[in-house]
Amino acid sequence: MAGTLTGTNLLTRIRNVLQDTTNVRWTDSELRDYINDAQREIVNLRPDSSSTTANVALVAGTKQTLPTAGLRLIKIVRNMSSASGSATGARAIRIVDNDILDTQEPDWHDPTVAGDAAHASVVKHFVFDEDSPRTYYVYPGVLVTNASACFVEIIYSTSPTDLTANSSVLFIDDIYGNAIIDYVLFRAYLKDAEFAGNQQRASTHFQLFATSIGAGGQVQLNVSPNLDAIGGAGAMPPVQGLAQ
């Protein structure tokens, strides 16, 4: 996720464009704030830019929540033997549409309805709701007796950490460096928009930023766990035989 670009690397390039290499018009602290704003904006529009993979312990029931720093679920991969990095992988987990579960097994939120006591701690499917990106549901639900022994591997977007010093390294990958520079220039020129030409410069850099990261609602759809379920690129056929 994080690369090698630092605040210093970016500020040097930004100040060269602004022709303010002596910090007269914009302080380092102000431009650093713009860099932090840019990271948050990129993560908001491109959740995959801050994706991380982790083994997490599930709680009893069907409803689960991302770790504290989590912003949006991207995918659930498989069952795991533990939450450690050296855990052993097990059965794969597939996404399923909420309506399918509601229709075929209306009581699926009751973890005792799976009828498979021997595998009650093994998750087979998960449900994701775009309106609640920090939560997800698993099927079958986790029994209370297995709440301390059920683990899955998830991929999720995390909240970016701010640069607190010029020497700090970007939270997101270096590949977004150019987009960050354009966003900072947009904010910097917007501050001086009363001067002739600066409003246009601000607008131009924002457009470059938006184009660079592919801004728009389609972007989040491209990393949505529901992509297969709604017939997107590479869509898989609907899940059948939920109890298998």
# chains A, B, ... in the order shown; residues from 1 in each chain; ligands from 1
call {"tool": "residues_around", "arguments": {"residues": "stretch 6-10 of chain A", "least_positions_apart": "2", "cutoff": "9 Å", "atoms": "only C-alpha atoms", "output": "number ranges by chain"}}
result
A: 3-4, 12-15, 32, 35, 163, 165-170, 177-178, 180-181
call {"tool": "residues_around", "arguments": {"residues": "stretch 134-149 of chain A", "least_positions_apart": "2", "cutoff": "6 Å", "atoms": "only C-alpha atoms", "output": "number ranges by chain"}}
result
A: 59-66, 71-72, 111, 114, 121, 123-128, 132
call {"tool": "write_last_selection", "arguments": {"atoms": "C-alpha atoms", "output": "JSON list (two decimals), in the first residue's frame"}}
result
[["chain", "number", "residue", "atom", "x", "y", "z"],
["A", 59, "VAL", "CA", -18.50, -12.66, 16.33],
["A", 60, "ALA", "CA", -21.59, -14.73, 17.11],
["A", 61, "GLY", "CA", -24.48, -14.32, 14.68],
["A", 62, "THR", "CA", -24.55, -13.21, 11.04],
["A", 63, "LYS", "CA", -23.73, -9.51, 11.29],
["A", 64, "GLN", "CA", -20.03, -8.64, 11.25],
["A", 65, "THR", "CA", -18.10, -5.34, 11.34],
["A", 66, "LEU", "CA", -14.82, -4.27, 9.78],
["A", 71, "LEU", "CA", -13.92, 2.11, 5.62],
["A", 72, "ARG", "CA", -15.38, -0.32, 3.10],
["A", 111, "PRO", "CA", -27.20, -19.40, 13.14],
["A", 114, "ALA", "CA", -27.88, -24.25, 8.95],
["A", 121, "SER", "CA", -17.93, -22.60, 12.30],
["A", 123, "VAL", "CA", -18.61, -19.71, 6.53],
["A", 124, "LYS", "CA", -19.92, -20.53, 3.05],
["A", 125, "HIS", "CA", -21.32, -17.22, 1.77],
["A", 126, "PHE", "CA", -21.40, -13.54, 2.62],
["A", 127, "VAL", "CA", -23.80, -10.67, 1.94],
["A", 128, "PHE", "CA", -22.76, -7.06, 1.40],
["A", 132, "SER", "CA", -23.58, -0.02, 4.92]]
call {"tool": "select_by_dssp", "arguments": {"residues": "stretch 81-224 of chain A", "states": "helix (DSSP H, G or I)", "output": "VMD selection string"}}
result
chain A and resid 98 to 104 111 to 114 117 to 119 144 to 146 174 to 191 198 to 213 217 to 222
call {"tool": "closest_residue", "arguments": {"among": "A:Asn23, A:Thr204, A:Asn55, A:Asn36", "to": "A:Ile154", "atoms": "only C-alpha atoms"}}
result
A:Asn55
call {"tool": "closest_residue", "arguments": {"among": "A:Ser81, A:Thr158, A:Thr103, A:Ser86", "to": "A:Pro47", "atoms": "only C-alpha atoms"}}
result
A:Thr158
call {"tool": "closest_residue", "arguments": {"among": "A:Trp26, A:Asp131, A:Cys150, A:Ser49", "to": "A:Asp174", "atoms": "only C-alpha atoms"}}
result
A:Ser49
call {"tool": "residues_around", "arguments": {"residues": "A:Tyr183", "least_positions_apart": "4", "cutoff": "9 Å", "atoms": "only C-alpha atoms", "output": "VMD selection string"}}
result
chain A and resid 34 to 35 37 to 38 178 to 179 187 to 188 202 205 to 206 208 to 210
call {"tool": "write_last_selection", "arguments": {"atoms": "C-alpha atoms", "output": "PDB file, in the first residue's frame"}}
result
ATOM      1  CA  TYR A  34      -3.855  19.596   1.178  1.00  0.00           C
ATOM      2  CA  ILE A  35      -1.829  16.401   0.644  1.00  0.00           C
ATOM      3  CA  ASP A  37      -7.039  15.945   1.977  1.00  0.00           C
ATOM      4  CA  ALA A  38      -5.963  14.502  -1.380  1.00  0.00           C
ATOM      5  CA  ASN A 178       0.670  12.829  -9.705  1.00  0.00           C
ATOM      6  CA  ALA A 179      -3.004  12.903  -8.737  1.00  0.00           C
ATOM      7  CA  ARG A 187      -6.483  23.786  -3.583  1.00  0.00           C
ATOM      8  CA  ALA A 188      -3.514  26.160  -3.633  1.00  0.00           C
ATOM      9  CA  ALA A 202      -7.478  25.557 -10.151  1.00  0.00           C
ATOM     10  CA  HIS A 205      -5.733  20.842 -12.000  1.00  0.00           C
ATOM     11  CA  PHE A 206      -8.943  19.506 -10.488  1.00  0.00           C
ATOM     12  CA  LEU A 208      -6.500  16.459 -14.173  1.00  0.00           C
ATOM     13  CA  PHE A 209      -6.914  15.013 -10.688  1.00  0.00           C
ATOM     14  CA  ALA A 210     -10.391  13.648 -11.435  1.00  0.00           C
TER      15      ALA A 210
END
call {"tool": "atom_distance", "arguments": {"atom1": "atom CA of A:Pro106", "atom2": "atom CA of A:Leu58"}}
result
21.8 Å
call {"tool": "atom_distance", "arguments": {"atom1": "atom CA of A:Glu153", "atom2": "atom CA of A:Gly70"}}
result
13.9 Å
call {"tool": "closest_residue", "arguments": {"among": "A:Gly197, A:Gly85, A:Pro160, A:Gly214", "to": "A:Gln39", "atoms": "only C-alpha atoms"}}
result
A:Pro160
call {"tool": "closest_residue", "arguments": {"among": "A:Ile95, A:Met80, A:Ala54, A:Leu185", "to": "A:Ile155", "atoms": "only C-alpha atoms"}}
result
A:Ala54
call {"tool": "atom_distance", "arguments": {"atom1": "atom CA of A:Asp182", "atom2": "atom CA of A:Ser157"}}
result
22.9 Å
call {"tool": "closest_residue", "arguments": {"among": "A:Ile175, A:Val152, A:Leu31, A:Val122", "to": "A:Ser82", "atoms": "only C-alpha atoms"}}
result
A:Val152
